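Asker: Input target-v1.json, format and content: JSON, C-alpha atoms and all ligand atoms.
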```json
[["chain", "number", "residue", "atom", "x", "y", "z"],
["A", 1, "MET", "CA", 78.57, -185.13, -137.62],
["A", 2, "LEU", "CA", 80.02, -186.11, -141.02],
["A", 3, "LYS", "CA", 77.52, -185.85, -143.82],
["A", 4, "LEU", "CA", 77.83, -186.29, -147.57],
["A", 5, "ILE", "CA", 74.79, -185.18, -149.54],
["A", 6, "HIS", "CA", 74.60, -186.34, -153.14],
["A", 7, "ALA", "CA", 78.38, -186.10, -153.24],
["A", 8, "SER", "CA", 80.13, -186.60, -156.56],
["A", 9, "LYS", "CA", 83.76, -186.43, -157.58],
["A", 10, "ILE", "CA", 84.75, -186.29, -161.22],
["A", 11, "TYR", "CA", 88.50, -186.05, -161.88],
["A", 12, "ALA", "CA", 88.98, -183.24, -164.39],
["A", 13, "LYS", "CA", 91.99, -184.69, -166.11],
["A", 14, "ASN", "CA", 90.33, -187.95, -167.26],
["A", 15, "GLY", "CA", 86.62, -187.33, -166.65],
["A", 16, "ILE", "CA", 86.35, -190.39, -164.36],
["A", 17, "CYS", "CA", 83.44, -190.26, -161.93],
["A", 18, "ALA", "CA", 85.03, -191.74, -158.79],
["A", 19, "LEU", "CA", 82.08, -190.91, -156.50],
["A", 20, "ASN", "CA", 78.58, -190.82, -157.88],
["A", 21, "ALA", "CA", 75.87, -189.02, -155.85],
["A", 22, "VAL", "CA", 76.97, -190.57, -152.55],
["A", 23, "ASP", "CA", 74.83, -190.01, -149.45],
["A", 24, "LEU", "CA", 76.51, -190.89, -146.16],
["A", 25, "THR", "CA", 75.94, -189.87, -142.56],
["A", 26, "VAL", "CA", 78.51, -190.77, -139.93],
["A", 27, "GLN", "CA", 77.13, -190.19, -136.44],
["A", 28, "ASP", "CA", 79.17, -189.68, -133.28],
["A", 29, "GLY", "CA", 80.30, -193.08, -132.04],
["A", 30, "ASP", "CA", 79.73, -194.91, -135.36],
["A", 31, "TYR", "CA", 82.12, -197.60, -136.51],
["A", 32, "ILE", "CA", 81.73, -197.98, -140.27],
["A", 33, "SER", "CA", 83.67, -200.08, -142.72],
["A", 34, "VAL", "CA", 83.76, -199.36, -146.44],
["A", 35, "THR", "CA", 84.78, -202.13, -148.81],
["A", 36, "GLY", "CA", 84.98, -202.17, -152.59],
["A", 37, "ALA", "CA", 87.00, -203.52, -155.47],
["A", 38, "SER", "CA", 90.12, -201.75, -156.69],
["A", 39, "GLY", "CA", 89.10, -198.55, -158.47],
["A", 40, "SER", "CA", 85.64, -198.42, -156.82],
["A", 41, "GLY", "CA", 86.40, -195.05, -155.18],
["A", 42, "LYS", "CA", 87.57, -195.94, -151.64],
["A", 43, "SER", "CA", 90.62, -193.68, -151.61],
["A", 44, "THR", "CA", 88.64, -190.88, -153.20],
["A", 45, "LEU", "CA", 86.04, -191.20, -150.42],
["A", 46, "MET", "CA", 88.78, -191.11, -147.78],
["A", 47, "HIS", "CA", 90.36, -188.03, -149.39],
["A", 48, "ILE", "CA", 87.01, -186.23, -149.46],
["A", 49, "LEU", "CA", 86.13, -187.12, -145.84],
["A", 50, "GLY", "CA", 89.66, -186.17, -144.76],
["A", 51, "LEU", "CA", 89.50, -182.77, -146.47],
["A", 52, "LEU", "CA", 92.38, -183.74, -148.73],
["A", 53, "ASP", "CA", 90.29, -183.20, -151.85],
["A", 54, "SER", "CA", 87.05, -181.45, -152.83],
["A", 55, "LEU", "CA", 83.78, -182.54, -154.37],
["A", 56, "THR", "CA", 82.76, -181.53, -157.86],
["A", 57, "ASP", "CA", 79.08, -181.75, -156.93],
["A", 58, "GLY", "CA", 76.98, -182.16, -153.78],
["A", 59, "GLU", "CA", 77.86, -181.18, -150.23],
["A", 60, "TYR", "CA", 80.12, -182.23, -147.38],
["A", 61, "LEU", "CA", 79.14, -181.09, -143.88],
["A", 62, "LEU", "CA", 81.66, -181.56, -141.09],
["A", 63, "ASP", "CA", 80.16, -181.01, -137.66],
["A", 64, "GLY", "CA", 77.19, -179.37, -139.38],
["A", 65, "ALA", "CA", 79.24, -176.84, -141.34],
["A", 66, "ALA", "CA", 79.76, -176.91, -145.12],
["A", 67, "VAL", "CA", 83.43, -177.15, -146.06],
["A", 68, "ALA", "CA", 83.21, -176.31, -149.78],
["A", 69, "HIS", "CA", 84.17, -172.67, -149.52],
["A", 70, "LEU", "CA", 86.97, -172.90, -146.98],
["A", 71, "SER", "CA", 90.47, -171.76, -147.95],
["A", 72, "ALA", "CA", 93.33, -174.27, -148.06],
["A", 73, "LYS", "CA", 94.58, -172.90, -144.74],
["A", 74, "GLN", "CA", 91.18, -173.25, -143.07],
["A", 75, "ARG", "CA", 90.84, -176.80, -144.38],
["A", 76, "ALA", "CA", 94.28, -177.73, -143.06],
["A", 77, "ARG", "CA", 93.39, -176.35, -139.65],
["A", 78, "LEU", "CA", 90.05, -178.17, -139.56],
["A", 79, "ARG", "CA", 91.80, -181.36, -140.66],
["A", 80, "SER", "CA", 94.33, -181.21, -137.85],
["A", 81, "GLU", "CA", 91.62, -180.44, -135.26],
["A", 82, "LYS", "CA", 88.89, -182.84, -136.29],
["A", 83, "ILE", "CA", 90.37, -185.76, -138.21],
["A", 84, "GLY", "CA", 92.79, -188.50, -137.23],
["A", 85, "PHE", "CA", 94.39, -190.48, -140.06],
["A", 86, "VAL", "CA", 95.70, -194.03, -140.01],
["A", 87, "PHE", "CA", 97.45, -195.30, -143.15],
["A", 88, "GLN", "CA", 98.56, -198.70, -144.34],
["A", 89, "GLN", "CA", 102.23, -197.60, -144.28],
["A", 90, "PHE", "CA", 102.04, -196.23, -140.67],
["A", 91, "ARG", "CA", 103.93, -193.06, -141.73],
["A", 92, "LEU", "CA", 105.80, -192.72, -138.45],
["A", 93, "LEU", "CA", 108.87, -190.48, -138.40],
["A", 94, "THR", "CA", 111.83, -192.83, -138.21],
["A", 95, "GLY", "CA", 114.12, -190.47, -136.30],
["A", 96, "MET", "CA", 111.63, -190.02, -133.46],
["A", 97, "THR", "CA", 110.61, -192.27, -130.59],
["A", 98, "ALA", "CA", 107.10, -193.67, -130.29],
["A", 99, "LEU", "CA", 106.31, -191.01, -127.67],
["A", 100, "GLU", "CA", 107.62, -188.19, -129.88],
["A", 101, "ASN", "CA", 105.62, -189.49, -132.85],
["A", 102, "VAL", "CA", 102.42, -189.57, -130.80],
["A", 103, "ALA", "CA", 103.10, -186.12, -129.34],
["A", 104, "LEU", "CA", 103.77, -184.54, -132.75],
["A", 105, "PRO", "CA", 100.17, -183.52, -133.62],
["A", 106, "LEU", "CA", 99.94, -181.81, -130.22],
["A", 107, "ALA", "CA", 103.14, -179.87, -130.95],
["A", 108, "LEU", "CA", 101.59, -178.73, -134.24],
["A", 109, "GLN", "CA", 98.60, -177.49, -132.26],
["A", 110, "GLY", "CA", 100.86, -175.51, -129.92],
["A", 111, "VAL", "CA", 100.23, -177.64, -126.82],
["A", 112, "PRO", "CA", 103.01, -177.00, -124.24],
["A", 113, "ARG", "CA", 105.79, -179.62, -124.13],
["A", 114, "HIS", "CA", 105.04, -180.93, -120.64],
["A", 115, "GLU", "CA", 101.34, -181.44, -121.39],
["A", 116, "ARG", "CA", 101.97, -183.12, -124.74],
["A", 117, "SER", "CA", 104.34, -185.70, -123.23],
["A", 118, "GLU", "CA", 101.80, -186.49, -120.56],
["A", 119, "ARG", "CA", 98.95, -186.84, -123.05],
["A", 120, "ALA", "CA", 101.04, -188.88, -125.50],
["A", 121, "LEU", "CA", 102.09, -191.27, -122.76],
["A", 122, "ALA", "CA", 98.49, -191.69, -121.59],
["A", 123, "VAL", "CA", 97.44, -192.62, -125.14],
["A", 124, "LEU", "CA", 100.39, -194.99, -125.56],
["A", 125, "GLU", "CA", 99.17, -196.66, -122.38],
["A", 126, "ARG", "CA", 95.71, -197.05, -123.91],
["A", 127, "VAL", "CA", 97.17, -198.84, -126.93],
["A", 128, "GLY", "CA", 99.26, -201.08, -124.65],
["A", 129, "LEU", "CA", 102.65, -199.65, -125.60],
["A", 130, "SER", "CA", 103.72, -197.41, -122.73],
["A", 131, "ASP", "CA", 106.74, -199.68, -122.19],
["A", 132, "ARG", "CA", 107.82, -198.89, -125.76],
["A", 133, "ALA", "CA", 107.57, -195.10, -125.44],
["A", 134, "ASN", "CA", 111.30, -194.57, -126.03],
["A", 135, "HIS", "CA", 111.63, -197.06, -128.88],
["A", 136, "ARG", "CA", 112.05, -195.87, -132.44],
["A", 137, "PRO", "CA", 109.82, -197.31, -135.19],
["A", 138, "HIS", "CA", 112.47, -199.78, -136.47],
["A", 139, "GLN", "CA", 112.61, -201.31, -132.98],
["A", 140, "LEU", "CA", 108.88, -202.12, -133.11],
["A", 141, "SER", "CA", 106.94, -204.82, -134.97],
["A", 142, "GLY", "CA", 104.54, -203.85, -137.76],
["A", 143, "GLY", "CA", 101.52, -204.28, -135.49],
["A", 144, "GLN", "CA", 103.15, -202.19, -132.76],
["A", 145, "GLN", "CA", 104.01, -199.46, -135.27],
["A", 146, "GLN", "CA", 100.41, -199.38, -136.44],
["A", 147, "ARG", "CA", 99.21, -199.10, -132.81],
["A", 148, "VAL", "CA", 101.60, -196.14, -132.34],
["A", 149, "ALA", "CA", 100.13, -194.61, -135.51],
["A", 150, "ILE", "CA", 96.63, -195.12, -134.07],
["A", 151, "ALA", "CA", 97.74, -193.49, -130.81],
["A", 152, "ARG", "CA", 98.99, -190.53, -132.86],
["A", 153, "ALA", "CA", 95.61, -190.35, -134.62],
["A", 154, "VAL", "CA", 93.60, -190.26, -131.37],
["A", 155, "VAL", "CA", 95.87, -188.05, -129.24],
["A", 156, "THR", "CA", 94.19, -184.83, -130.40],
["A", 157, "GLU", "CA", 90.72, -186.27, -129.64],
["A", 158, "PRO", "CA", 89.50, -185.88, -133.25],
["A", 159, "CYS", "CA", 85.84, -186.15, -134.26],
["A", 160, "VAL", "CA", 86.61, -189.11, -136.47],
["A", 161, "ILE", "CA", 89.41, -191.54, -137.21],
["A", 162, "LEU", "CA", 89.80, -192.36, -140.91],
["A", 163, "ALA", "CA", 91.75, -195.57, -141.40],
["A", 164, "ASP", "CA", 92.89, -196.52, -144.92],
["A", 165, "GLU", "CA", 93.78, -200.23, -145.21],
["A", 166, "PRO", "CA", 95.24, -200.28, -141.67],
["A", 167, "THR", "CA", 95.63, -204.07, -141.56],
["A", 168, "ALA", "CA", 97.00, -204.62, -145.07],
["A", 169, "GLY", "CA", 100.53, -205.97, -144.91],
["A", 170, "LEU", "CA", 100.25, -207.09, -141.27],
["A", 171, "ASP", "CA", 100.37, -210.74, -140.27],
["A", 172, "PRO", "CA", 97.07, -212.12, -138.89],
["A", 173, "ALA", "CA", 98.04, -211.73, -135.21],
["A", 174, "ALA", "CA", 99.16, -208.13, -135.71],
["A", 175, "ALA", "CA", 96.04, -207.37, -137.74],
["A", 176, "ASP", "CA", 93.96, -208.81, -134.89],
["A", 177, "SER", "CA", 95.69, -206.55, -132.36],
["A", 178, "VAL", "CA", 94.86, -203.52, -134.53],
["A", 179, "LEU", "CA", 91.21, -204.59, -134.96],
["A", 180, "GLU", "CA", 90.93, -205.27, -131.24],
["A", 181, "LEU", "CA", 92.21, -201.76, -130.58],
["A", 182, "PHE", "CA", 89.64, -200.26, -132.98],
["A", 183, "ASP", "CA", 86.95, -202.22, -131.17],
["A", 184, "ARG", "CA", 88.09, -200.81, -127.82],
["A", 185, "LEU", "CA", 88.21, -197.27, -129.24],
["A", 186, "HIS", "CA", 84.69, -197.73, -130.61],
["A", 187, "ARG", "CA", 83.41, -199.00, -127.26],
["A", 188, "SER", "CA", 84.94, -195.97, -125.54],
["A", 189, "GLY", "CA", 83.02, -193.62, -127.85],
["A", 190, "HIS", "CA", 85.38, -192.90, -130.74],
["A", 191, "THR", "CA", 84.02, -192.57, -134.28],
["A", 192, "LEU", "CA", 85.76, -194.72, -136.88],
["A", 193, "VAL", "CA", 85.62, -195.09, -140.65],
["A", 194, "LEU", "CA", 87.61, -198.08, -141.84],
["A", 195, "ILE", "CA", 88.39, -198.38, -145.54],
["A", 196, "THR", "CA", 89.56, -201.87, -146.33],
["A", 197, "HIS", "CA", 89.94, -204.73, -148.78],
["A", 198, "ASP", "CA", 90.08, -207.11, -145.83],
["A", 199, "GLU", "CA", 86.76, -208.90, -145.41],
["A", 200, "ARG", "CA", 87.63, -209.96, -141.86],
["A", 201, "ALA", "CA", 88.43, -206.36, -140.88],
["A", 202, "ALA", "CA", 85.23, -205.10, -142.51],
["A", 203, "GLN", "CA", 83.17, -207.54, -140.44],
["A", 204, "CYS", "CA", 84.49, -206.02, -137.20],
["A", 205, "ALA", "CA", 82.71, -202.73, -137.85],
["A", 206, "ALA", "CA", 79.26, -202.03, -136.46],
["A", 207, "ARG", "CA", 77.99, -200.87, -139.86],
["A", 208, "ARG", "CA", 79.15, -202.04, -143.27],
["A", 209, "MET", "CA", 79.07, -200.11, -146.51],
["A", 210, "HIS", "CA", 80.18, -201.08, -149.97],
["A", 211, "LEU", "CA", 81.40, -199.00, -152.92],
["A", 212, "GLU", "CA", 80.79, -200.09, -156.49],
["A", 213, "ASN", "CA", 81.85, -197.85, -159.37],
["A", 214, "GLY", "CA", 81.57, -194.78, -157.15],
["A", 215, "CYS", "CA", 78.11, -195.68, -155.77],
["A", 216, "LEU", "CA", 77.81, -196.38, -152.04],
["A", 217, "PHE", "CA", 75.52, -199.16, -150.78],
["A", 218, "GLY", "CA", 74.61, -200.41, -147.31],
["B", 1, "LIG", "N1", 94.00, -188.18, -158.97],
["B", 1, "LIG", "C1", 93.27, -188.85, -159.85],
["B", 1, "LIG", "N2", 93.13, -188.39, -161.11],
["B", 1, "LIG", "C2", 92.39, -189.04, -162.01],
["B", 1, "LIG", "N3", 91.71, -190.19, -161.76],
["B", 1, "LIG", "C3", 91.80, -190.71, -160.52],
["B", 1, "LIG", "C4", 92.60, -190.07, -159.51],
["B", 1, "LIG", "N4", 92.51, -190.80, -158.37],
["B", 1, "LIG", "C5", 91.71, -191.85, -158.66],
["B", 1, "LIG", "N5", 91.28, -191.80, -159.96],
["B", 1, "LIG", "C6", 90.37, -192.74, -160.62],
["B", 1, "LIG", "O1", 89.14, -192.75, -159.87],
["B", 1, "LIG", "C7", 88.65, -194.09, -159.71],
["B", 1, "LIG", "C8", 88.56, -194.43, -158.21],
["B", 1, "LIG", "O2", 89.90, -194.48, -157.70],
["B", 1, "LIG", "P1", 90.21, -194.72, -156.14],
["B", 1, "LIG", "O3", 91.71, -194.59, -156.00],
["B", 1, "LIG", "O4", 89.37, -193.85, -155.33],
["B", 1, "LIG", "O5", 89.76, -196.26, -155.97],
["B", 1, "LIG", "P2", 90.10, -197.31, -154.82],
["B", 1, "LIG", "O6", 88.84, -198.05, -154.57],
["B", 1, "LIG", "O7", 90.75, -196.62, -153.68],
["B", 1, "LIG", "O8", 91.16, -198.25, -155.54],
["B", 1, "LIG", "P3", 92.36, -199.13, -154.85],
["B", 1, "LIG", "O9", 91.68, -200.13, -153.95],
["B", 1, "LIG", "O10", 93.01, -199.76, -156.05],
["B", 1, "LIG", "O11", 93.26, -198.16, -154.13],
["B", 1, "LIG", "C9", 89.60, -194.99, -160.49],
["B", 1, "LIG", "O12", 89.06, -195.22, -161.77],
["B", 1, "LIG", "C10", 90.88, -194.17, -160.59],
["B", 1, "LIG", "O13", 91.60, -194.49, -161.74]]
```
Mind turning this structure into structure tokens?
Answerer:
Amino acid sequence: MLKLIHASKIYAKNGICALNAVDLTVQDGDYISVTGASGSGKSTLMHILGLLDSLTDGEYLLDGAAVAHLSAKQRARLRSEKIGFVFQQFRLLTGMTALENVALPLALQGVPRHERSERALAVLERVGLSDRANHRPHQLSGGQQQRVAIARAVVTEPCVILADEPTAGLDPAAADSVLELFDRLHRSGHTLVLITHDERAAQCAARRMHLENGCLFG
């Protein structure tokens, strides 16, 4: 469903080859972790898979379709339909409740208000936070905020969840609750790509990959 074929990314401004002829297939239901030293190309890989940047060589197929020639508008639409993002910094909107944050991607897709509240609440229930639906981010712990962010990423039923260092900065118990949630999402059929420095997090994935100087192994 996600396929990189001999994918390379060279940044024009400094000539750095951040991805070097990478081949990667992510099948429906996969749970993959990608580790690598600082500067090995992890963020670049996430940006490419998340349609936030383009390849300089090779191909990226999303659900079987090449994305190289799509306009910025088409890419943005595809991104909101097919990809759920989870970031290290949660990126929740501080003025909104947990429920409103989770419902936001549905609003952007034009889902009617009544339906989006229902769906957001159902997903908050799945991440164990339905009793916190009306709390704002500052009233939640770091681990709870990250679980809200994960709920927001899955509410649109994307093809894949791309998580960039989702446990960095969390204490061990909170990190465990996030990894446990990923495990449950994987077991219920979700597709996950976890980009991480955290060896313990990487071991939770069903398949491990490793980046070294832009080359992908594993
Ligand atoms: N926008 C950019 N313009 C130019 N060079 C870049 C850009 N983004 C990344 N690079 C370079 O590409 C290489 C890979 O960077 P990338 O951020 O993908 O690595 P990373 O593994 O995510 O690193 P970290 O773990 O430190 O975030 C590095 O040498 C980096 O300096």
Asker: For range 73-81 of chain A, please output as a PyMOL selection string all residues within 7 Å (counting only C-alpha atoms; exclusion window: fewer than 3 positions along the same chain).
Answerer: chain A and resi 50-51+70+158
Asker: Counting all atoms listed in the file, which protein, DNA or RNA residues come within 10 Å of ligand LIG 1 (chain B), given as JSON, numbers by chain?
Answerer: {"A": [9, 10, 11, 12, 13, 14, 15, 16, 17, 18, 19, 34, 35, 36, 37, 38, 39, 40, 41, 42, 43, 44, 45, 46, 47, 48, 53, 164, 165, 195, 196, 197, 211, 212, 213, 214]}
Asker: Could you check how far CA of Gln146 in chain A sits from CA of Ser117 in chain A, in Å to one decimal?
Answerer: 19.4 Å
Asker: Between A:Leu104, A:Ala206, A:Leu185, A:Ala201, which is the closest to Leu170 in chain A once you count all atoms listed in the file?
Answerer: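 Among A:Leu104, A:Ala206, A:Leu185, A:Ala201, it is A:Ala201 that comes nearest to Leu170 in chain A.
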Asker: Find the residue from A:Asp198, A:Val111, A:Gly29, A:Asn20 that sits nearest to His186 in chain A; use all atoms listed in the file when measuring.
Answerer: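 Between A:Asp198, A:Val111, A:Gly29, A:Asn20, the residue approaching His186 in chain A most closely is A:Gly29.
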Asker: Nearest residue to Val154 in chain A out of A:Tyr31, A:Phe217, A:Tyr60, A:Phe182, using all atoms listed in the file?
Answerer: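 Comparing A:Tyr31, A:Phe217, A:Tyr60, A:Phe182 against Val154 in chain A, the winner is A:Phe182.
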Asker: At a cut-off of 12 Å, using all atoms listed in the file, what residues contact Ala66 in chain A? Leave out same-chain residues fewer than 3 positions from it and give the result as a list in words.
Answerer: Met1, Leu2, Lys3, Leu4, Ile5, Leu51, Ser54, Leu55, Gly58, Glu59, Tyr60, Leu61, Leu62, Asp63, His69, Leu70, Arg75 and Leu78 of chain A
Asker: Could you state the separation of CA of Leu192 in chain A and CA of His114 in chain A in Å, given to one decimal place?
Answerer: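 Between CA of Leu192 in chain A and CA of His114 in chain A the gap is 28.7 Å.
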Asker: Return the single residue from A:Glu125, A:Asp57, A:Glu100, A:Asp183 that is closest to Val22 in chain A, with distances computed using all atoms listed in the file.
Answerer: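 Once distances to Val22 in chain A are computed over all atoms listed in the file, the minimum belongs to A:Asp57.
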Asker: Set the distance at 12 Å and use all atoms listed in the file: which residues neighbour Ala175 in chain A once local chain neighbours fewer than 4 positions away are removed? I'd like the list as a PDB file with C-alpha atoms, keeping the file's coordinate frame.
Answerer:
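Result went into selection_34.pdb, see below:
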```
ATOM      1  CA  GLN A  88      98.560-198.700-144.340  1.00  0.00           C
ATOM      2  CA  SER A 141     106.940-204.820-134.970  1.00  0.00           C
ATOM      3  CA  GLY A 142     104.540-203.850-137.760  1.00  0.00           C
ATOM      4  CA  GLY A 143     101.520-204.280-135.490  1.00  0.00           C
ATOM      5  CA  GLN A 144     103.150-202.190-132.760  1.00  0.00           C
ATOM      6  CA  GLN A 145     104.010-199.460-135.270  1.00  0.00           C
ATOM      7  CA  GLN A 146     100.410-199.380-136.440  1.00  0.00           C
ATOM      8  CA  ARG A 147      99.210-199.100-132.810  1.00  0.00           C
ATOM      9  CA  GLU A 165      93.780-200.230-145.210  1.00  0.00           C
ATOM     10  CA  PRO A 166      95.240-200.280-141.670  1.00  0.00           C
ATOM     11  CA  THR A 167      95.630-204.070-141.560  1.00  0.00           C
ATOM     12  CA  ALA A 168      97.000-204.620-145.070  1.00  0.00           C
ATOM     13  CA  GLY A 169     100.530-205.970-144.910  1.00  0.00           C
ATOM     14  CA  LEU A 170     100.250-207.090-141.270  1.00  0.00           C
ATOM     15  CA  ASP A 171     100.370-210.740-140.270  1.00  0.00           C
ATOM     16  CA  LEU A 179      91.210-204.590-134.960  1.00  0.00           C
ATOM     17  CA  GLU A 180      90.930-205.270-131.240  1.00  0.00           C
ATOM     18  CA  LEU A 181      92.210-201.760-130.580  1.00  0.00           C
ATOM     19  CA  PHE A 182      89.640-200.260-132.980  1.00  0.00           C
ATOM     20  CA  ASP A 198      90.080-207.110-145.830  1.00  0.00           C
ATOM     21  CA  ARG A 200      87.630-209.960-141.860  1.00  0.00           C
ATOM     22  CA  ALA A 201      88.430-206.360-140.880  1.00  0.00           C
ATOM     23  CA  CYS A 204      84.490-206.020-137.200  1.00  0.00           C
TER      24      CYS A 204
END
```
Asker: What's the separation between CA of Arg152 in chain A and CA of Arg91 in chain A, in Å to one decimal place?
Answerer: 10.5 Å
Asker: Could you give me, as a JSON list (two decimals) with C-alpha atoms, in the frame of the given file, the residues within 10 Å of Leu99 in chain A, counting only C-alpha atoms and dropping anything in the same chain fewer than 6 positions from it?
Answerer:
```json
[["chain", "number", "residue", "atom", "x", "y", "z"],
["A", 116, "ARG", "CA", 101.97, -183.12, -124.74],
["A", 117, "SER", "CA", 104.34, -185.70, -123.23],
["A", 118, "GLU", "CA", 101.80, -186.49, -120.56],
["A", 119, "ARG", "CA", 98.95, -186.84, -123.05],
["A", 120, "ALA", "CA", 101.04, -188.88, -125.50],
["A", 121, "LEU", "CA", 102.09, -191.27, -122.76],
["A", 122, "ALA", "CA", 98.49, -191.69, -121.59],
["A", 123, "VAL", "CA", 97.44, -192.62, -125.14],
["A", 124, "LEU", "CA", 100.39, -194.99, -125.56],
["A", 129, "LEU", "CA", 102.65, -199.65, -125.60],
["A", 130, "SER", "CA", 103.72, -197.41, -122.73],
["A", 132, "ARG", "CA", 107.82, -198.89, -125.76],
["A", 133, "ALA", "CA", 107.57, -195.10, -125.44],
["A", 134, "ASN", "CA", 111.30, -194.57, -126.03],
["A", 135, "HIS", "CA", 111.63, -197.06, -128.88],
["A", 136, "ARG", "CA", 112.05, -195.87, -132.44],
["A", 148, "VAL", "CA", 101.60, -196.14, -132.34],
["A", 151, "ALA", "CA", 97.74, -193.49, -130.81],
["A", 152, "ARG", "CA", 98.99, -190.53, -132.86]]
```
Asker: Return the single residue from A:Arg113, A:Arg207, A:His190, A:His6 that is closest to Ala153 in chain A, with distances computed using all atoms listed in the file.
Answerer: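 Among A:Arg113, A:Arg207, A:His190, A:His6, it is A:His190 that comes nearest to Ala153 in chain A.
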Asker: Nearest to Ile161 in chain A among A:Ala103, A:Ala65, A:Ala149, A:Ala72, with distances taken over all atoms listed in the file: which residue is it?
Answerer: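 Closest to Ile161 in chain A of all the choices is A:Ala149.
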Asker: Fewer than 6 positions away in the same chain doesn't count, so skip those; otherwise give me all residues within 6 Å of Ile32 in chain A, counting only C-alpha atoms, as a ChimeraX atom specification.
Answerer: /A:193,205,207-208
Asker: Can you tell me, as lines of an AutoDock Vina configuration file, the centre and edge lengths (Å, one decimal) of the axis-aligned box enclosing all of range 85-102 of chain A's listed atoms after padding each side by 5 Å?
Answerer:
```
center_x = 104.3
center_y = -193.4
center_z = -136.0
size_x = 29.7
size_y = 20.5
size_z = 26.7
```
